[in-house]
file input-v2.txt (compact mmCIF, C-alpha atoms)
# COMPACT_ATOMS: atom_id res chain seq x y z
CA MET M 1 -4.83 -9.75 15.55
CA ALA M 2 -4.56 -13.47 16.07
CA ASP M 3 -3.08 -16.44 17.87
CA SER M 4 -1.70 -18.96 15.40
CA SER M 5 -0.99 -21.66 17.98
CA ASP M 6 -3.99 -23.80 16.90
CA THR M 7 -2.33 -26.79 15.22
CA THR M 8 -5.69 -28.49 14.50
CA ALA M 9 -6.76 -25.89 11.95
CA ALA M 10 -7.28 -27.36 8.47
CA TRP M 11 -4.86 -25.04 6.69
CA ARG M 12 -5.06 -25.29 2.90
CA PRO M 13 -3.31 -23.25 0.18
CA TRP M 14 -5.34 -20.24 -0.90
CA ARG M 15 -6.84 -21.43 -4.16
CA VAL M 16 -6.69 -17.99 -5.80
CA ALA M 17 -2.88 -18.21 -5.73
CA GLU M 18 -1.88 -21.64 -4.46
CA LYS M 19 1.86 -20.92 -4.39
CA SER M 20 1.50 -17.52 -2.73
CA GLY M 21 2.33 -18.67 0.80
CA PHE M 22 -1.20 -17.91 2.00
CA GLU M 23 -3.01 -20.71 3.82
CA VAL M 24 -6.71 -20.75 4.62
CA ASP M 25 -8.63 -22.43 7.43
CA ASP M 26 -11.03 -23.99 4.95
CA PRO M 27 -10.84 -27.40 3.21
CA ARG M 28 -11.65 -25.70 -0.13
CA GLY M 29 -8.90 -23.11 0.25
CA VAL M 30 -11.33 -20.19 0.00
CA VAL M 31 -11.80 -17.03 2.04
CA GLY M 32 -15.41 -15.98 2.60
CA LEU M 33 -16.67 -12.41 2.82
CA ILE M 34 -19.96 -11.06 4.14
CA GLN M 35 -20.83 -7.50 3.12
CA ILE M 36 -22.04 -5.53 6.15
CA ASP M 37 -22.42 -2.06 4.61
CA LYS M 38 -21.59 -0.23 1.38
CA LYS M 39 -17.84 -0.48 1.94
CA GLN M 40 -17.07 -2.98 4.70
CA PHE M 41 -16.89 -6.78 4.79
CA TRP M 42 -16.50 -9.40 7.47
CA VAL M 43 -14.04 -12.19 6.75
CA THR M 44 -15.62 -15.53 7.65
CA ASN M 45 -12.57 -17.75 8.18
CA ALA M 46 -8.99 -17.45 9.36
CA PHE M 47 -5.98 -17.36 7.06
CA ARG M 48 -2.24 -16.86 7.45
CA PHE M 49 0.90 -16.11 5.47
CA ASN M 50 3.45 -18.92 5.68
CA ASP M 51 6.48 -18.06 3.54
CA GLU M 52 9.42 -19.21 5.69
CA SER M 53 11.94 -16.72 4.29
CA VAL M 54 9.66 -13.75 5.00
CA VAL M 55 8.78 -15.05 8.47
CA LYS M 56 12.51 -15.40 9.24
CA MET M 57 13.21 -11.88 7.94
CA LEU M 58 10.54 -10.41 10.22
CA THR M 59 11.68 -12.46 13.23
CA ASP M 60 15.34 -11.50 12.75
CA ARG M 61 14.39 -7.85 12.42
CA LEU M 62 12.46 -7.88 15.70
CA ILE M 63 15.36 -9.61 17.45
CA ARG M 64 17.77 -6.94 16.13
CA ASP M 65 15.37 -4.32 17.48
CA GLY M 66 15.69 -5.77 20.98
CA LYS M 67 12.96 -8.39 21.25
CA GLY M 68 13.69 -11.78 22.78
CA THR M 69 13.61 -14.76 20.40
CA GLU M 70 10.37 -16.20 21.80
CA GLU M 71 8.63 -12.83 21.88
CA ALA M 72 9.76 -12.09 18.32
CA ARG M 73 8.35 -15.39 17.08
CA ASP M 74 5.05 -14.82 18.88
CA ARG M 75 4.72 -11.32 17.45
CA VAL M 76 5.42 -12.52 13.91
CA ASP M 77 2.91 -15.37 14.32
CA ASP M 78 0.37 -12.81 15.46
CA ALA M 79 1.17 -10.48 12.57
CA ARG M 80 1.00 -13.11 9.82
CA THR M 81 -2.29 -14.67 10.95
CA PHE M 82 -5.71 -13.10 10.47
CA THR M 83 -8.50 -14.25 12.76
CA PRO M 84 -11.84 -12.64 11.87
CA SER M 85 -14.03 -10.89 14.40
CA GLU M 86 -16.61 -8.11 14.45
CA GLU M 87 -13.84 -5.72 15.54
CA ASN M 88 -11.80 -6.06 12.33
CA PRO M 89 -14.00 -5.60 9.26
CA THR M 90 -12.21 -4.81 6.01
CA ASP M 91 -12.72 -2.71 2.89
CA LEU M 92 -10.15 -4.93 1.12
CA ALA M 93 -7.52 -2.70 -0.53
CA SER M 94 -8.28 1.00 0.00
CA ILE M 95 -7.99 2.07 -3.65
CA PRO M 96 -9.72 5.38 -4.53
CA ARG M 97 -12.38 4.97 -7.22
CA TYR M 98 -10.52 7.19 -9.67
CA MET M 99 -7.38 5.02 -9.29
CA ARG M 100 -9.00 1.68 -10.06
CA TRP M 101 -7.78 1.81 -13.64
CA PHE M 102 -4.42 1.03 -12.05
CA GLU M 103 -5.50 -1.59 -9.52
CA SER M 104 -8.78 -2.94 -8.18
CA SER M 105 -9.68 -3.18 -4.51
CA TYR M 106 -9.39 -6.97 -4.79
CA GLY M 107 -7.09 -9.39 -6.60
CA ALA M 108 -3.88 -11.30 -5.87
CA HIS M 109 -3.12 -8.66 -3.22
CA THR M 110 -6.40 -9.12 -1.30
CA LEU M 111 -5.19 -11.19 1.65
CA ALA M 112 -2.00 -9.12 1.94
CA ALA M 113 -4.12 -5.96 2.15
CA ILE M 114 -6.41 -7.46 4.82
CA ILE M 115 -3.45 -8.51 6.99
CA HIS M 116 -1.75 -5.15 6.50
CA ASP M 117 -4.90 -3.27 7.52
CA ASP M 118 -5.05 -5.38 10.67
CA LEU M 119 -1.44 -4.46 11.53
CA ILE M 120 -1.92 -0.69 11.16
CA VAL M 121 -3.80 0.48 14.23
CA LYS M 122 -4.84 3.98 15.28
CA LYS M 123 -1.68 4.67 17.26
CA PRO M 124 1.44 4.68 15.06
CA ASN M 125 3.79 1.73 15.55
CA ALA M 126 1.45 0.00 18.01
CA GLY M 127 0.76 -3.16 15.99
CA PRO M 128 2.33 -6.56 16.78
CA LEU M 129 5.47 -5.76 14.75
CA ASP M 130 5.96 -2.53 16.75
CA SER M 131 6.72 -0.71 13.49
CA ASP M 132 4.41 0.53 10.76
CA THR M 133 7.47 0.73 8.51
CA LEU M 134 8.11 -2.99 8.99
CA SER M 135 4.40 -3.74 8.54
CA ASP M 136 4.51 -1.87 5.23
CA ARG M 137 7.51 -3.91 4.09
CA PHE M 138 5.68 -7.09 5.13
CA PHE M 139 2.82 -5.97 2.88
CA ARG M 140 5.23 -5.66 -0.05
CA GLU M 141 6.77 -9.07 0.62
CA MET M 142 3.34 -10.71 0.81
CA MET M 143 2.37 -9.15 -2.53
CA LYS M 144 5.61 -10.46 -4.05
CA SER M 145 4.80 -13.99 -2.90
CA ALA M 146 1.26 -13.63 -4.26
CA GLY M 147 2.58 -12.75 -7.72
CA VAL M 148 1.85 -9.02 -7.84
CA PRO M 149 4.22 -7.56 -10.50
CA TRP M 150 7.33 -5.69 -9.33
CA LEU M 151 6.41 -2.12 -10.26
CA LYS M 152 2.80 -2.42 -9.12
CA ARG M 153 3.69 -3.79 -5.68
CA TRP M 154 6.38 -1.14 -5.18
CA ILE M 155 3.93 1.62 -6.09
CA MET M 156 1.32 0.17 -3.72
CA TRP M 157 3.98 -0.16 -1.02
CA ALA M 158 5.05 3.46 -1.58
CA ALA M 159 1.43 4.56 -1.08
CA VAL M 160 1.09 2.84 2.31
CA ALA M 161 4.60 3.95 3.33
CA LEU M 162 3.67 7.56 2.60
CA ARG M 163 0.59 7.14 4.78
CA SER M 164 2.71 5.71 7.62
CA ARG M 165 5.19 8.58 7.52
CA TRP M 166 2.36 11.12 7.53
CA ALA M 167 0.58 9.40 10.44
CA ALA M 168 3.78 9.46 12.52
CA ARG M 169 3.57 13.28 12.68
CA GLY M 170 6.54 15.34 13.86
CA ARG M 171 9.70 15.20 11.76
CA ARG M 172 8.36 12.41 9.57
CA ARG M 173 5.35 14.46 8.54
CA LEU M 174 7.62 17.45 7.90
CA SER M 175 9.86 15.25 5.74
CA VAL M 176 6.80 14.24 3.71
CA LEU M 177 5.93 17.88 3.08
CA VAL M 178 9.50 18.68 2.00
CA TRP M 179 9.53 15.60 -0.23
CA ILE M 180 6.25 16.64 -1.87
CA LEU M 181 7.69 20.09 -2.58
CA LEU M 182 10.89 18.68 -4.10
CA ALA M 183 9.09 15.95 -6.04
CA ALA M 184 6.59 18.47 -7.42
CA THR M 185 9.46 20.70 -8.54
CA GLY M 186 11.07 17.77 -10.32
CA ILE M 187 7.78 16.79 -12.01
CA VAL M 188 7.10 20.35 -13.15
CA SER M 189 10.65 20.57 -14.53
CA ALA M 190 10.19 17.32 -16.46
CA VAL M 191 6.87 18.43 -17.93
CA TRP M 192 8.25 21.86 -18.77
CA ALA M 193 11.31 20.38 -20.47
CA PHE M 194 9.09 18.03 -22.49
CA GLY M 195 6.70 20.82 -23.48
CA SER M 196 9.56 23.13 -24.45
CA THR M 197 11.10 20.45 -26.67
CA VAL M 198 7.94 19.11 -28.31
CA PHE M 199 5.56 22.08 -28.27
CA ASP M 200 8.09 24.93 -28.18
CA TRP M 201 6.91 26.29 -24.85
CA SER M 202 8.75 29.34 -23.62
CA HIS M 203 11.27 28.67 -20.86
CA PRO M 204 13.19 31.21 -18.73
CA VAL M 205 16.05 28.76 -18.14
CA ASP M 206 17.95 26.34 -20.36
CA ILE M 207 16.06 23.16 -21.21
CA TRP M 208 19.00 21.02 -20.11
CA LEU M 209 18.88 22.64 -16.67
CA LEU M 210 15.23 21.61 -16.43
CA VAL M 211 16.21 18.06 -17.42
CA VAL M 212 18.97 17.95 -14.79
CA ILE M 213 16.56 19.21 -12.11
CA ALA M 214 13.94 16.65 -13.14
CA ILE M 215 16.44 13.79 -12.92
CA PHE M 216 18.32 14.95 -9.81
CA LEU M 217 15.48 15.91 -7.45
CA PRO M 218 13.81 12.46 -7.12
CA PHE M 219 17.15 10.97 -6.03
CA ALA M 220 17.93 13.92 -3.76
CA ALA M 221 14.50 13.80 -2.10
CA ALA M 222 14.27 10.01 -1.65
CA PRO M 223 16.41 9.92 1.58
CA LEU M 224 13.66 11.99 3.25
CA TRP M 225 11.77 8.68 3.47
CA GLY M 226 14.44 7.20 5.75
CA ARG M 227 14.58 3.39 5.52
CA GLN M 228 11.81 3.59 2.92
CA TYR M 229 13.86 5.73 0.54
CA GLY M 230 13.03 3.32 -2.30
CA GLY M 231 9.39 4.27 -1.89
CA GLY M 232 10.22 7.94 -2.29
CA LEU M 233 12.11 7.25 -5.51
CA VAL M 234 9.39 5.00 -6.96
CA ALA M 235 6.65 7.46 -5.97
CA ALA M 236 8.40 10.41 -7.61
CA ILE M 237 8.98 8.51 -10.86
CA ALA M 238 5.52 6.93 -10.95
CA ALA M 239 3.87 10.30 -10.29
CA LEU M 240 4.94 11.46 -13.76
CA TRP M 241 2.39 9.18 -15.39
CA ILE M 242 0.05 8.26 -12.52
CA LEU M 243 -0.90 11.80 -11.46
CA PRO M 244 -2.14 13.00 -14.90
CA ALA M 245 -4.26 9.86 -15.31
CA ALA M 246 -5.51 10.13 -11.71
CA ALA M 247 -6.42 13.79 -12.26
CA LEU M 248 -8.43 12.93 -15.36
CA GLY M 249 -10.07 10.02 -13.57
CA GLY M 250 -10.87 12.24 -10.58
CA LEU M 251 -12.35 14.92 -12.86
CA GLY M 252 -14.52 12.33 -14.58
CA TYR M 253 -15.71 11.04 -11.22
CA VAL M 254 -16.59 14.57 -10.05
CA VAL M 255 -18.61 15.09 -13.24
CA TYR M 256 -20.41 11.83 -12.57
CA LEU M 257 -21.26 12.89 -9.00
CA ILE M 258 -22.63 16.21 -10.24
CA LEU M 259 -24.82 14.46 -12.81
CA GLU M 260 -25.99 11.93 -10.22
CA ARG M 261 -26.94 14.73 -7.82
CA GLY M 262 -28.80 16.52 -10.61
CA ALA M 263 -30.72 13.35 -11.42
CA LYS M 264 -31.67 12.99 -7.75
CA ARG M 265 -33.01 16.55 -7.61
CA LEU M 266 -35.10 15.86 -10.70
CA GLY M 267 -36.66 12.93 -8.88
CA LEU M 268 -35.14 10.29 -11.14
CA SER M 269 -34.54 6.88 -9.62
call {"tool": "encode", "arguments": {"input": "input-v2.txt", "output": "structure tokens"}}
result
Amino acid sequence: MADSSDTTAAWRPWRVAEKSGFEVDDPRGVVGLIQIDKKQFWVTNAFRFNDESVVKMLTDRLIRDGKGTEEARDRVDDARTFTPSEENPTDLASIPRYMRWFESSYGAHTLAAIIHDDLIVKKPNAGPLDSDTLSDRFFREMMKSAGVPWLKRWIMWAAVALRSRWAARGRRRLSVLVWILLAATGIVSAVWAFGSTVFDWSHPVDIWLLVVIAIFLPFAAAPLWGRQYGGGLVAAIAALWILPAAALGGLGYVVYLILERGAKRLGLS
């Protein structure tokens, strides 16, 4: 977390994406990283997100939620500014290895991911924005400003939104489980309808019923995500093509790990 009140900082546009709204406390416009272990990095200089329309959206939202104007502004300033310390190392974007065909752990989204990680603390909804849901939306808006394409940023937003709903426990976690069940039913129906049409698979019900189920369930299940219903819809649709590729990628990675372990037992280095 950070205090952005220092007006003497030499803020410069982030040179990776100069029109992204990100500003760096470095005359060259760069953000330095020091690797401290196999996965974690320390950020060496401060940076902030300075898109006025997004800052206003966040401030207005906090005011509507009951915060005073000054407090809302201070919280948004805190949320949009990253000040490095030993207490907030980063792994950049937490993309599983078998999903990096879709997106790398670094790129135009890097600074957005670092800020978002800093906003999501151990206790749900305890960050400066008082809402993990709002922090997730902030992540999506930062990616938009940084030039991340529409579908990719919505899929990445859906992933963090799903994590937030699960971490909240209680009814939100139950809603995630129900959504997974309904979404899985819709995906299976879509695959079954496709297989029955193209490969003449047997089907106990009419193919058109399977098609209707496949189309209807993602829309019916999306409201289980509450304000993030768009994430539920995007996740259900994207799962049709992301999950098969992820499964193949995961299988390939498991095979690699097995071979690597075998090589280690043989004393190869």
call {"tool": "closest_atom_pairs", "arguments": {"input": "input-v2.txt", "of": "range 93-146 of chain M", "to": "range 166-177 of chain M", "cutoff": "9 Å", "atoms": "all atoms listed in the file", "output": "tab-separated table"}}
result
residue	atom	partner	partner_atom	distance
M:Lys123	CA	M:Ala167	CA	8.6
M:Pro124	CA	M:Ala168	CA	5.9
M:Asn125	CA	M:Ala168	CA	8.3
call {"tool": "write_last_selection", "arguments": {"input": "input-v2.txt", "atoms": "C-alpha atoms", "output": "PDB file, in the frame of the given file"}}
result
ATOM      1  CA  LYS M 123      -1.680   4.670  17.260  1.00  0.00           C
ATOM      2  CA  PRO M 124       1.440   4.680  15.060  1.00  0.00           C
ATOM      3  CA  ASN M 125       3.790   1.730  15.550  1.00  0.00           C
TER       4      ASN M 125
END
call {"tool": "residues_around", "arguments": {"input": "input-v2.txt", "residues": "range 65-73 of chain M", "least_positions_apart": "5", "cutoff": "9 Å", "atoms": "only C-alpha atoms", "output": "list in words"}}
result
Val55, Lys56, Leu58, Thr59, Asp60, Asp78 and Leu129 of chain M
call {"tool": "residues_around", "arguments": {"input": "input-v2.txt", "residues": "Pro84 in chain M", "least_positions_apart": "6", "cutoff": "8 Å", "atoms": "all atoms listed in the file", "output": "list of chain:residue names"}}
result
M:Trp42, M:Val43, M:Thr44, M:Asn45, M:Ala46
call {"tool": "write_last_selection", "arguments": {"input": "input-v2.txt", "atoms": "C-alpha atoms", "output": "short mmCIF file (atom, residue, chain, number, x, y, z; two decimals), keeping the file's coordinate frame"}}
result
data_model
loop_
_atom_site.label_atom_id
_atom_site.label_comp_id
_atom_site.auth_asym_id
_atom_site.auth_seq_id
_atom_site.Cartn_x
_atom_site.Cartn_y
_atom_site.Cartn_z
CA TRP M 42 -16.50 -9.40 7.47
CA VAL M 43 -14.04 -12.19 6.75
CA THR M 44 -15.62 -15.53 7.65
CA ASN M 45 -12.57 -17.75 8.18
CA ALA M 46 -8.99 -17.45 9.36
#
call {"tool": "residues_around", "arguments": {"input": "input-v2.txt", "residues": "Ala190 in chain M", "least_positions_apart": "2", "cutoff": "12 Å", "atoms": "all atoms listed in the file", "output": "PyMOL selection string"}}
result
chain M and resi 183-188+192-197+207-218+236-237+239-241
call {"tool": "write_last_selection", "arguments": {"input": "input-v2.txt", "atoms": "C-alpha atoms", "output": "PDB file, in the coordinates of the input"}}
result
ATOM      1  CA  ALA M 183       9.090  15.950  -6.040  1.00  0.00           C
ATOM      2  CA  ALA M 184       6.590  18.470  -7.420  1.00  0.00           C
ATOM      3  CA  THR M 185       9.460  20.700  -8.540  1.00  0.00           C
ATOM      4  CA  GLY M 186      11.070  17.770 -10.320  1.00  0.00           C
ATOM      5  CA  ILE M 187       7.780  16.790 -12.010  1.00  0.00           C
ATOM      6  CA  VAL M 188       7.100  20.350 -13.150  1.00  0.00           C
ATOM      7  CA  TRP M 192       8.250  21.860 -18.770  1.00  0.00           C
ATOM      8  CA  ALA M 193      11.310  20.380 -20.470  1.00  0.00           C
ATOM      9  CA  PHE M 194       9.090  18.030 -22.490  1.00  0.00           C
ATOM     10  CA  GLY M 195       6.700  20.820 -23.480  1.00  0.00           C
ATOM     11  CA  SER M 196       9.560  23.130 -24.450  1.00  0.00           C
ATOM     12  CA  THR M 197      11.100  20.450 -26.670  1.00  0.00           C
ATOM     13  CA  ILE M 207      16.060  23.160 -21.210  1.00  0.00           C
ATOM     14  CA  TRP M 208      19.000  21.020 -20.110  1.00  0.00           C
ATOM     15  CA  LEU M 209      18.880  22.640 -16.670  1.00  0.00           C
ATOM     16  CA  LEU M 210      15.230  21.610 -16.430  1.00  0.00           C
ATOM     17  CA  VAL M 211      16.210  18.060 -17.420  1.00  0.00           C
ATOM     18  CA  VAL M 212      18.970  17.950 -14.790  1.00  0.00           C
ATOM     19  CA  ILE M 213      16.560  19.210 -12.110  1.00  0.00           C
ATOM     20  CA  ALA M 214      13.940  16.650 -13.140  1.00  0.00           C
ATOM     21  CA  ILE M 215      16.440  13.790 -12.920  1.00  0.00           C
ATOM     22  CA  PHE M 216      18.320  14.950  -9.810  1.00  0.00           C
ATOM     23  CA  LEU M 217      15.480  15.910  -7.450  1.00  0.00           C
ATOM     24  CA  PRO M 218      13.810  12.460  -7.120  1.00  0.00           C
ATOM     25  CA  ALA M 236       8.400  10.410  -7.610  1.00  0.00           C
ATOM     26  CA  ILE M 237       8.980   8.510 -10.860  1.00  0.00           C
ATOM     27  CA  ALA M 239       3.870  10.300 -10.290  1.00  0.00           C
ATOM     28  CA  LEU M 240       4.940  11.460 -13.760  1.00  0.00           C
ATOM     29  CA  TRP M 241       2.390   9.180 -15.390  1.00  0.00           C
TER      30      TRP M 241
END
call {"tool": "closest_residue", "arguments": {"input": "input-v2.txt", "among": "M:Gly249, M:Ala159, M:Arg261, M:Val178", "to": "Ala235 in chain M", "atoms": "all atoms listed in the file"}}
result
M:Ala159
call {"tool": "atom_distance", "arguments": {"input": "input-v2.txt", "atom1": "CA of Gly250 in chain M", "atom2": "CA of Leu182 in chain M"}}
result
23.6 Å
call {"tool": "decode", "arguments": {"input": "input-v2.txt", "residues": "range 188-199 of chain M", "atoms": "all heavy atoms", "output": "PDB file, in the first residue's frame"}}
result
ATOM      1  N   VAL M 188     -20.921 -29.662 -21.104  1.00  0.00           N
ATOM      2  CA  VAL M 188     -21.111 -31.053 -21.512  1.00  0.00           C
ATOM      3  C   VAL M 188     -22.202 -31.150 -22.580  1.00  0.00           C
ATOM      4  O   VAL M 188     -22.068 -31.893 -23.566  1.00  0.00           O
ATOM      5  CB  VAL M 188     -21.464 -31.929 -20.293  1.00  0.00           C
ATOM      6  CG1 VAL M 188     -21.915 -33.325 -20.739  1.00  0.00           C
ATOM      7  CG2 VAL M 188     -20.260 -32.051 -19.363  1.00  0.00           C
ATOM      8  N   SER M 189     -23.268 -30.388 -22.413  1.00  0.00           N
ATOM      9  CA  SER M 189     -24.352 -30.391 -23.401  1.00  0.00           C
ATOM     10  C   SER M 189     -23.864 -29.895 -24.753  1.00  0.00           C
ATOM     11  O   SER M 189     -24.211 -30.458 -25.801  1.00  0.00           O
ATOM     12  CB  SER M 189     -25.518 -29.533 -22.909  1.00  0.00           C
ATOM     13  OG  SER M 189     -26.073 -30.046 -21.717  1.00  0.00           O
ATOM     14  N   ALA M 190     -23.042 -28.844 -24.746  1.00  0.00           N
ATOM     15  CA  ALA M 190     -22.509 -28.304 -26.001  1.00  0.00           C
ATOM     16  C   ALA M 190     -21.611 -29.318 -26.695  1.00  0.00           C
ATOM     17  O   ALA M 190     -21.711 -29.536 -27.911  1.00  0.00           O
ATOM     18  CB  ALA M 190     -21.747 -27.013 -25.724  1.00  0.00           C
ATOM     19  N   VAL M 191     -20.729 -29.942 -25.915  1.00  0.00           N
ATOM     20  CA  VAL M 191     -19.822 -30.940 -26.498  1.00  0.00           C
ATOM     21  C   VAL M 191     -20.606 -32.134 -27.013  1.00  0.00           C
ATOM     22  O   VAL M 191     -20.331 -32.664 -28.106  1.00  0.00           O
ATOM     23  CB  VAL M 191     -18.777 -31.375 -25.449  1.00  0.00           C
ATOM     24  CG1 VAL M 191     -17.948 -32.541 -25.965  1.00  0.00           C
ATOM     25  CG2 VAL M 191     -17.873 -30.206 -25.076  1.00  0.00           C
ATOM     26  N   TRP M 192     -21.589 -32.556 -26.263  1.00  0.00           N
ATOM     27  CA  TRP M 192     -22.406 -33.713 -26.654  1.00  0.00           C
ATOM     28  C   TRP M 192     -23.196 -33.411 -27.929  1.00  0.00           C
ATOM     29  O   TRP M 192     -23.280 -34.251 -28.836  1.00  0.00           O
ATOM     30  CB  TRP M 192     -23.364 -34.065 -25.523  1.00  0.00           C
ATOM     31  CG  TRP M 192     -23.822 -35.505 -25.530  1.00  0.00           C
ATOM     32  CD1 TRP M 192     -23.786 -36.387 -26.562  1.00  0.00           C
ATOM     33  CD2 TRP M 192     -24.381 -36.208 -24.424  1.00  0.00           C
ATOM     34  NE1 TRP M 192     -24.290 -37.611 -26.186  1.00  0.00           N
ATOM     35  CE2 TRP M 192     -24.664 -37.519 -24.866  1.00  0.00           C
ATOM     36  CE3 TRP M 192     -24.684 -35.859 -23.107  1.00  0.00           C
ATOM     37  CZ2 TRP M 192     -25.244 -38.482 -24.032  1.00  0.00           C
ATOM     38  CZ3 TRP M 192     -25.244 -36.817 -22.281  1.00  0.00           C
ATOM     39  CH2 TRP M 192     -25.522 -38.117 -22.744  1.00  0.00           C
ATOM     40  N   ALA M 193     -23.754 -32.212 -28.002  1.00  0.00           N
ATOM     41  CA  ALA M 193     -24.492 -31.832 -29.205  1.00  0.00           C
ATOM     42  C   ALA M 193     -23.570 -31.793 -30.417  1.00  0.00           C
ATOM     43  O   ALA M 193     -23.925 -32.260 -31.513  1.00  0.00           O
ATOM     44  CB  ALA M 193     -25.163 -30.473 -28.998  1.00  0.00           C
ATOM     45  N   PHE M 194     -22.372 -31.262 -30.243  1.00  0.00           N
ATOM     46  CA  PHE M 194     -21.400 -31.200 -31.338  1.00  0.00           C
ATOM     47  C   PHE M 194     -20.989 -32.606 -31.777  1.00  0.00           C
ATOM     48  O   PHE M 194     -20.963 -32.921 -32.973  1.00  0.00           O
ATOM     49  CB  PHE M 194     -20.171 -30.411 -30.896  1.00  0.00           C
ATOM     50  CG  PHE M 194     -19.086 -30.350 -31.932  1.00  0.00           C
ATOM     51  CD1 PHE M 194     -19.160 -29.437 -32.979  1.00  0.00           C
ATOM     52  CD2 PHE M 194     -17.989 -31.188 -31.865  1.00  0.00           C
ATOM     53  CE1 PHE M 194     -18.162 -29.383 -33.946  1.00  0.00           C
ATOM     54  CE2 PHE M 194     -16.986 -31.146 -32.818  1.00  0.00           C
ATOM     55  CZ  PHE M 194     -17.078 -30.241 -33.862  1.00  0.00           C
ATOM     56  N   GLY M 195     -20.678 -33.455 -30.780  1.00  0.00           N
ATOM     57  CA  GLY M 195     -20.267 -34.825 -31.108  1.00  0.00           C
ATOM     58  C   GLY M 195     -21.366 -35.620 -31.780  1.00  0.00           C
ATOM     59  O   GLY M 195     -21.118 -36.415 -32.695  1.00  0.00           O
ATOM     60  N   SER M 196     -22.608 -35.401 -31.349  1.00  0.00           N
ATOM     61  CA  SER M 196     -23.738 -36.121 -31.939  1.00  0.00           C
ATOM     62  C   SER M 196     -23.966 -35.695 -33.388  1.00  0.00           C
ATOM     63  O   SER M 196     -24.347 -36.515 -34.236  1.00  0.00           O
ATOM     64  CB  SER M 196     -25.003 -35.876 -31.110  1.00  0.00           C
ATOM     65  OG  SER M 196     -24.846 -36.340 -29.782  1.00  0.00           O
ATOM     66  N   THR M 197     -23.729 -34.424 -33.664  1.00  0.00           N
ATOM     67  CA  THR M 197     -23.934 -33.904 -35.021  1.00  0.00           C
ATOM     68  C   THR M 197     -22.801 -34.297 -35.964  1.00  0.00           C
ATOM     69  O   THR M 197     -23.040 -34.727 -37.095  1.00  0.00           O
ATOM     70  CB  THR M 197     -24.069 -32.372 -34.983  1.00  0.00           C
ATOM     71  OG1 THR M 197     -25.147 -32.010 -34.120  1.00  0.00           O
ATOM     72  CG2 THR M 197     -24.317 -31.818 -36.371  1.00  0.00           C
ATOM     73  N   VAL M 198     -21.569 -34.172 -35.494  1.00  0.00           N
ATOM     74  CA  VAL M 198     -20.409 -34.379 -36.363  1.00  0.00           C
ATOM     75  C   VAL M 198     -19.948 -35.836 -36.384  1.00  0.00           C
ATOM     76  O   VAL M 198     -19.612 -36.376 -37.445  1.00  0.00           O
ATOM     77  CB  VAL M 198     -19.249 -33.457 -35.924  1.00  0.00           C
ATOM     78  CG1 VAL M 198     -17.995 -33.708 -36.763  1.00  0.00           C
ATOM     79  CG2 VAL M 198     -19.673 -31.995 -36.016  1.00  0.00           C
ATOM     80  N   PHE M 199     -19.958 -36.477 -35.207  1.00  0.00           N
ATOM     81  CA  PHE M 199     -19.418 -37.832 -35.114  1.00  0.00           C
ATOM     82  C   PHE M 199     -20.488 -38.896 -34.874  1.00  0.00           C
ATOM     83  O   PHE M 199     -20.167 -40.063 -34.625  1.00  0.00           O
ATOM     84  CB  PHE M 199     -18.375 -37.896 -33.980  1.00  0.00           C
ATOM     85  CG  PHE M 199     -17.247 -36.929 -34.160  1.00  0.00           C
ATOM     86  CD1 PHE M 199     -17.130 -35.821 -33.322  1.00  0.00           C
ATOM     87  CD2 PHE M 199     -16.302 -37.099 -35.169  1.00  0.00           C
ATOM     88  CE1 PHE M 199     -16.095 -34.919 -33.471  1.00  0.00           C
ATOM     89  CE2 PHE M 199     -15.258 -36.206 -35.322  1.00  0.00           C
ATOM     90  CZ  PHE M 199     -15.151 -35.106 -34.480  1.00  0.00           C
TER      91      PHE M 199
END
